[in-house]
Each structure stands twice: as C-alpha cells, then as structure tokens.
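Have a look at protein32.txt below; it lists compact mmCIF, N, CA, C and O atoms.
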```txt
# COMPACT_ATOMS: atom_id res chain seq x y z
N ARG B 546 64.92 221.53 56.41
CA ARG B 546 65.42 220.18 56.51
C ARG B 546 66.68 220.08 55.67
O ARG B 546 66.72 220.55 54.54
N VAL B 547 67.68 219.42 56.25
CA VAL B 547 68.93 219.19 55.54
C VAL B 547 69.21 217.70 55.55
O VAL B 547 69.16 217.06 56.60
N ASP B 548 69.48 217.15 54.38
CA ASP B 548 69.84 215.75 54.25
C ASP B 548 71.30 215.65 53.85
O ASP B 548 71.72 216.30 52.88
N LEU B 549 72.07 214.88 54.61
CA LEU B 549 73.49 214.70 54.33
C LEU B 549 73.81 213.22 54.14
O LEU B 549 73.20 212.36 54.79
N GLU B 550 74.77 212.95 53.29
CA GLU B 550 75.27 211.60 53.08
C GLU B 550 76.78 211.71 53.07
O GLU B 550 77.34 212.50 52.29
N PHE B 551 77.46 210.98 53.96
CA PHE B 551 78.91 211.11 54.05
C PHE B 551 79.54 209.81 54.52
O PHE B 551 78.85 208.91 54.99
N ARG B 552 80.86 209.75 54.40
CA ARG B 552 81.61 208.63 54.95
C ARG B 552 82.88 209.18 55.58
O ARG B 552 83.37 210.23 55.19
N THR B 553 83.38 208.47 56.57
CA THR B 553 84.62 208.84 57.25
C THR B 553 85.54 207.63 57.27
O THR B 553 85.15 206.55 56.82
N ASP B 554 86.71 207.80 57.83
CA ASP B 554 87.63 206.66 57.97
C ASP B 554 87.09 205.62 58.93
O ASP B 554 87.45 204.45 58.86
N ASP B 555 86.21 206.05 59.85
CA ASP B 555 85.62 205.15 60.85
C ASP B 555 84.20 205.62 61.14
O ASP B 555 83.96 206.39 62.07
N ASN B 556 83.25 205.17 60.32
CA ASN B 556 81.86 205.63 60.45
C ASN B 556 81.26 205.35 61.82
O ASN B 556 80.54 206.18 62.35
N VAL B 557 81.56 204.19 62.38
CA VAL B 557 80.97 203.82 63.67
C VAL B 557 81.38 204.82 64.75
O VAL B 557 80.54 205.33 65.50
N THR B 558 82.67 205.12 64.82
CA THR B 558 83.16 206.09 65.81
C THR B 558 82.61 207.48 65.53
O THR B 558 82.21 208.19 66.45
N SER B 559 82.57 207.87 64.27
CA SER B 559 82.06 209.19 63.91
C SER B 559 80.60 209.36 64.32
O SER B 559 80.22 210.40 64.88
N VAL B 560 79.78 208.35 64.06
CA VAL B 560 78.37 208.41 64.44
C VAL B 560 78.25 208.54 65.96
O VAL B 560 77.49 209.37 66.46
N ALA B 561 79.01 207.75 66.70
CA ALA B 561 78.96 207.81 68.16
C ALA B 561 79.37 209.18 68.67
O ALA B 561 78.75 209.73 69.60
N GLN B 562 80.39 209.78 68.07
CA GLN B 562 80.84 211.10 68.50
C GLN B 562 79.81 212.17 68.18
O GLN B 562 79.54 213.06 69.00
N ILE B 563 79.22 212.11 67.00
CA ILE B 563 78.20 213.10 66.62
C ILE B 563 77.00 212.99 67.55
O ILE B 563 76.49 214.00 68.06
N LEU B 564 76.53 211.78 67.79
CA LEU B 564 75.39 211.60 68.69
C LEU B 564 75.73 212.05 70.10
O LEU B 564 74.88 212.62 70.80
N GLY B 565 76.96 211.83 70.52
CA GLY B 565 77.40 212.27 71.85
C GLY B 565 77.32 213.77 72.02
O GLY B 565 76.94 214.27 73.09
N VAL B 566 77.66 214.51 70.97
CA VAL B 566 77.56 215.97 71.01
C VAL B 566 76.10 216.39 71.21
O VAL B 566 75.80 217.27 72.01
N TRP B 567 75.20 215.74 70.51
CA TRP B 567 73.76 216.06 70.64
C TRP B 567 73.26 215.67 72.03
O TRP B 567 72.46 216.39 72.62
N ASP B 568 73.74 214.54 72.54
CA ASP B 568 73.37 214.14 73.91
C ASP B 568 73.83 215.20 74.91
O ASP B 568 73.08 215.61 75.79
N ASP B 569 75.09 215.64 74.76
CA ASP B 569 75.64 216.64 75.67
C ASP B 569 74.89 217.96 75.59
O ASP B 569 74.84 218.72 76.56
N ALA B 570 74.29 218.24 74.43
CA ALA B 570 73.52 219.47 74.25
C ALA B 570 72.11 219.37 74.83
O ALA B 570 71.33 220.32 74.78
N GLY B 571 71.76 218.20 75.39
CA GLY B 571 70.48 218.05 76.07
C GLY B 571 69.36 217.48 75.23
O GLY B 571 68.21 217.48 75.66
N TYR B 572 69.66 216.98 74.04
CA TYR B 572 68.62 216.39 73.20
C TYR B 572 68.26 215.00 73.72
O TYR B 572 69.12 214.27 74.21
N GLU B 573 66.99 214.65 73.63
CA GLU B 573 66.52 213.33 74.02
C GLU B 573 66.93 212.32 72.95
O GLU B 573 67.07 212.67 71.78
N SER B 574 67.08 211.07 73.34
CA SER B 574 67.49 210.06 72.36
C SER B 574 66.42 209.00 72.19
O SER B 574 65.62 208.74 73.08
N ASP B 575 66.43 208.40 71.02
CA ASP B 575 65.51 207.32 70.68
C ASP B 575 66.15 206.52 69.56
O ASP B 575 67.13 206.95 68.96
N ARG B 576 65.61 205.36 69.30
CA ARG B 576 66.08 204.53 68.20
C ARG B 576 64.87 203.83 67.60
O ARG B 576 64.08 203.24 68.32
N ALA B 577 64.74 203.91 66.28
CA ALA B 577 63.62 203.28 65.59
C ALA B 577 64.02 202.94 64.17
O ALA B 577 64.68 203.75 63.50
N MET B 578 63.64 201.79 63.71
CA MET B 578 63.86 201.39 62.31
C MET B 578 65.32 201.58 61.89
O MET B 578 65.61 202.14 60.84
N HIS B 579 66.26 201.17 62.74
CA HIS B 579 67.70 201.25 62.46
C HIS B 579 68.22 202.67 62.36
O HIS B 579 69.25 202.92 61.76
N GLU B 580 67.50 203.63 62.92
CA GLU B 580 67.93 205.02 62.95
C GLU B 580 68.12 205.48 64.39
O GLU B 580 67.30 205.17 65.24
N ASP B 581 69.20 206.20 64.61
CA ASP B 581 69.39 206.87 65.89
C ASP B 581 68.74 208.24 65.77
O ASP B 581 68.92 208.93 64.77
N ILE B 582 67.99 208.63 66.79
CA ILE B 582 67.22 209.86 66.75
C ILE B 582 67.58 210.72 67.95
O ILE B 582 67.72 210.20 69.06
N ARG B 583 67.71 212.02 67.72
CA ARG B 583 67.84 213.00 68.79
C ARG B 583 66.78 214.04 68.53
O ARG B 583 66.61 214.49 67.39
N TYR B 584 66.04 214.44 69.57
CA TYR B 584 64.93 215.37 69.35
C TYR B 584 64.77 216.29 70.55
O TYR B 584 65.25 216.02 71.64
N SER B 585 64.09 217.40 70.29
CA SER B 585 63.82 218.38 71.34
C SER B 585 62.52 219.10 71.02
O SER B 585 62.25 219.43 69.87
N GLU B 586 61.74 219.35 72.05
CA GLU B 586 60.52 220.13 71.90
C GLU B 586 60.81 221.62 71.94
O GLU B 586 60.01 222.42 71.48
N THR B 587 61.96 222.01 72.49
CA THR B 587 62.25 223.42 72.70
C THR B 587 63.51 223.91 71.98
O THR B 587 63.71 225.12 71.87
N GLY B 588 64.35 223.02 71.50
CA GLY B 588 65.60 223.43 70.86
C GLY B 588 65.39 223.98 69.46
O GLY B 588 64.33 223.81 68.86
N PRO B 589 66.41 224.63 68.92
CA PRO B 589 66.30 225.19 67.57
C PRO B 589 66.23 224.12 66.49
O PRO B 589 65.70 224.35 65.42
N VAL B 590 66.76 222.95 66.79
CA VAL B 590 66.64 221.82 65.89
C VAL B 590 65.64 220.86 66.51
O VAL B 590 65.80 220.44 67.66
N ALA B 591 64.61 220.54 65.78
CA ALA B 591 63.57 219.66 66.31
C ALA B 591 64.01 218.21 66.33
O ALA B 591 63.70 217.47 67.25
N ARG B 592 64.80 217.81 65.32
CA ARG B 592 65.11 216.38 65.19
C ARG B 592 66.36 216.16 64.35
O ARG B 592 66.56 216.81 63.33
N LEU B 593 67.17 215.21 64.79
CA LEU B 593 68.31 214.71 64.04
C LEU B 593 68.13 213.21 63.92
O LEU B 593 67.83 212.54 64.92
N THR B 594 68.25 212.67 62.73
CA THR B 594 68.24 211.22 62.56
C THR B 594 69.53 210.82 61.86
O THR B 594 70.01 211.52 60.96
N MET B 595 70.08 209.68 62.29
CA MET B 595 71.29 209.15 61.66
C MET B 595 71.09 207.67 61.40
O MET B 595 70.61 206.94 62.26
N ARG B 596 71.47 207.26 60.21
CA ARG B 596 71.42 205.85 59.83
C ARG B 596 72.78 205.48 59.27
O ARG B 596 73.23 206.05 58.29
N ASP B 597 73.43 204.52 59.91
CA ASP B 597 74.74 204.06 59.46
C ASP B 597 74.53 202.87 58.52
O ASP B 597 74.15 201.80 58.93
N THR B 598 74.74 203.12 57.23
CA THR B 598 74.58 202.07 56.23
C THR B 598 75.94 201.63 55.68
O THR B 598 76.06 201.23 54.53
N THR B 599 76.95 201.68 56.54
CA THR B 599 78.31 201.31 56.14
C THR B 599 78.35 199.92 55.54
O THR B 599 79.01 199.70 54.51
N SER B 600 77.66 198.97 56.14
CA SER B 600 77.72 197.59 55.65
C SER B 600 77.02 197.42 54.30
O SER B 600 77.26 196.44 53.60
N ILE B 601 76.19 198.38 53.92
CA ILE B 601 75.49 198.29 52.64
C ILE B 601 76.22 199.06 51.55
O ILE B 601 76.51 198.54 50.48
N ASP B 602 76.53 200.34 51.84
CA ASP B 602 77.14 201.17 50.78
C ASP B 602 78.27 202.07 51.27
O ASP B 602 78.78 202.88 50.52
N GLY B 603 78.64 201.95 52.55
CA GLY B 603 79.76 202.72 53.07
C GLY B 603 79.43 204.11 53.56
O GLY B 603 80.32 204.87 53.92
N PHE B 604 78.15 204.47 53.61
CA PHE B 604 77.75 205.82 53.97
C PHE B 604 77.05 205.90 55.32
O PHE B 604 76.53 204.92 55.84
N VAL B 605 77.02 207.12 55.85
CA VAL B 605 76.18 207.49 56.97
C VAL B 605 75.21 208.52 56.42
O VAL B 605 75.59 209.41 55.66
N ARG B 606 73.95 208.37 56.77
CA ARG B 606 72.93 209.31 56.32
C ARG B 606 72.40 210.06 57.53
O ARG B 606 72.04 209.45 58.53
N MET B 607 72.35 211.39 57.41
CA MET B 607 71.90 212.24 58.49
C MET B 607 70.86 213.22 57.97
O MET B 607 71.01 213.76 56.89
N THR B 608 69.80 213.39 58.74
CA THR B 608 68.78 214.39 58.42
C THR B 608 68.62 215.28 59.65
O THR B 608 68.46 214.80 60.77
N ILE B 609 68.68 216.58 59.41
CA ILE B 609 68.48 217.57 60.46
C ILE B 609 67.24 218.37 60.10
O ILE B 609 67.16 218.93 59.00
N THR B 610 66.27 218.41 61.01
CA THR B 610 65.02 219.12 60.77
C THR B 610 64.89 220.23 61.80
O THR B 610 64.93 219.98 63.00
N SER B 611 64.75 221.46 61.32
CA SER B 611 64.65 222.59 62.23
C SER B 611 63.25 222.68 62.81
O SER B 611 62.29 222.14 62.27
N ALA B 612 63.18 223.39 63.91
CA ALA B 612 61.88 223.65 64.53
C ALA B 612 61.14 224.68 63.68
O ALA B 612 61.76 225.51 63.03
N CYS B 613 59.83 224.62 63.69
CA CYS B 613 59.03 225.61 62.96
C CYS B 613 59.11 226.95 63.66
O CYS B 613 59.01 227.04 64.87
N ILE B 614 59.29 227.99 62.87
CA ILE B 614 59.31 229.34 63.42
C ILE B 614 58.07 230.05 62.89
O ILE B 614 57.85 230.12 61.69
N ARG B 615 57.27 230.55 63.79
CA ARG B 615 56.03 231.19 63.37
C ARG B 615 56.09 232.66 63.63
O ARG B 615 56.67 233.17 64.47
```

Is it possible to express this structure as structure tokens?
Amino acid sequence: RVDLEFRTDDNVTSVAQILGVWDDAGYESDRAMHEDIRYSETGPVARLTMRDTTSIDGFVRMTITSACIR
C-alpha cells in the first residue's frame, strides 16, 4: 500500500486526468464517502482511492493498494 499526499496548480483537473488514465486502463469506478475509487479483481493494482481535500487544506490524497501475490 502506498499513501500519497500532493497538490498541483489545478487539483481538480489533475484528479480528473489521473482517474481518466485508470479508466482507460480498464479499472472499474465507484464513489463512496467523498472518495473516487478505481478497482480491479484481476489487475496488478487492486484499488486506487483519491480524495480531493483542496477546499480544506489544498491537498489531494491518493492510496494505491496492490493485489495480493501468493
């Protein structure tokens, strides 16, 4: 699991572009509790979550969780 916290010159556009890349890669989308989610049952990354807290502290928070390898 990797947790990232970052800001850009335009967080809203950056979040949309990042999520678009995951959409184009075939990940399913969902939204819950103010988080955008991308997930896959078969991909190397099991889940990506993004929360844009620009209005609170100016940051975007992203968590990437890899699939379990047995």

I'd like the neighbourhood of stretch 576-584 of chain B as a PyMOL selection string, where a residue qualifies if any of its atoms comes within 7 Å (using only C-alpha atoms), though same-chain residues fewer than 4 positions away should be ignored. chain B and resi 567+572+591-596

Would you give me, as a list of chain:residue names, the residues in chain B that DSSP reads as helix (DSSP H, G or I)?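 Written out, the helix (DSSP H, G or I) residues of chain B are B:Asn556, B:Val557, B:Thr558, B:Ser559, B:Val560, B:Ala561, B:Gln562, B:Ile563, B:Leu564, B:Gly565, B:Val566, B:Trp567, B:Asp568, B:Asp569, B:Thr599, B:Ser600, B:Ile601, B:Asp602.
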
Which residues come within 8 Å of B:Pro589, counting all atoms listed in the file, excluding same-chain residues fewer than 3 positions away, as a list of chain:residue names?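 Once the adjacent positions are removed, what remains is B:Ser585, B:Glu586, B:Arg592, B:Thr610, B:Ser611, B:Ala612, B:Cys613, B:Ile614.
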
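Minimum distance to B:Arg546 across B:Thr598, B:Ser559, B:Thr608, B:Thr587 (counting all atoms listed in the file) occurs at B:Thr608.
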
Expressed in Å to a single decimal, how great is the separation between atom CA of B:Asp569 and atom CA of B:Gly588?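 Interatomic distance, atom CA of B:Asp569 to atom CA of B:Gly588: 13.0 Å.
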
Residue list (strand (DSSP E), DSSP) for chain B, as number ranges by chain: B: 547-551, 573-577, 580-584, 590-598, 604-611

At a cut-off of 7 Å, using only N, CA, C and O atoms, what residues contact B:Arg552? Leave out same-chain residues fewer than 3 positions from it and give the result as a list of chain:residue names. B:Asp555, B:Asn556, B:Gly603, B:Phe604, B:Val605

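Proximity to B:Val557 was assessed for B:Asp602, B:Val590, B:Asp597, B:Met607 counting all atoms listed in the file; the smallest distance is recorded for B:Asp597.
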
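For the atom pair formed by atom CA of B:Ile601 and atom CA of B:Asp568, the distance is 26.6 Å, given to one decimal.
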
Take atom C of B:Thr553 and atom N of B:Asp575 and report the distance between them in Å, one decimal.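 Value for the atom C of B:Thr553-atom N of B:Asp575 distance: 23.6 Å.
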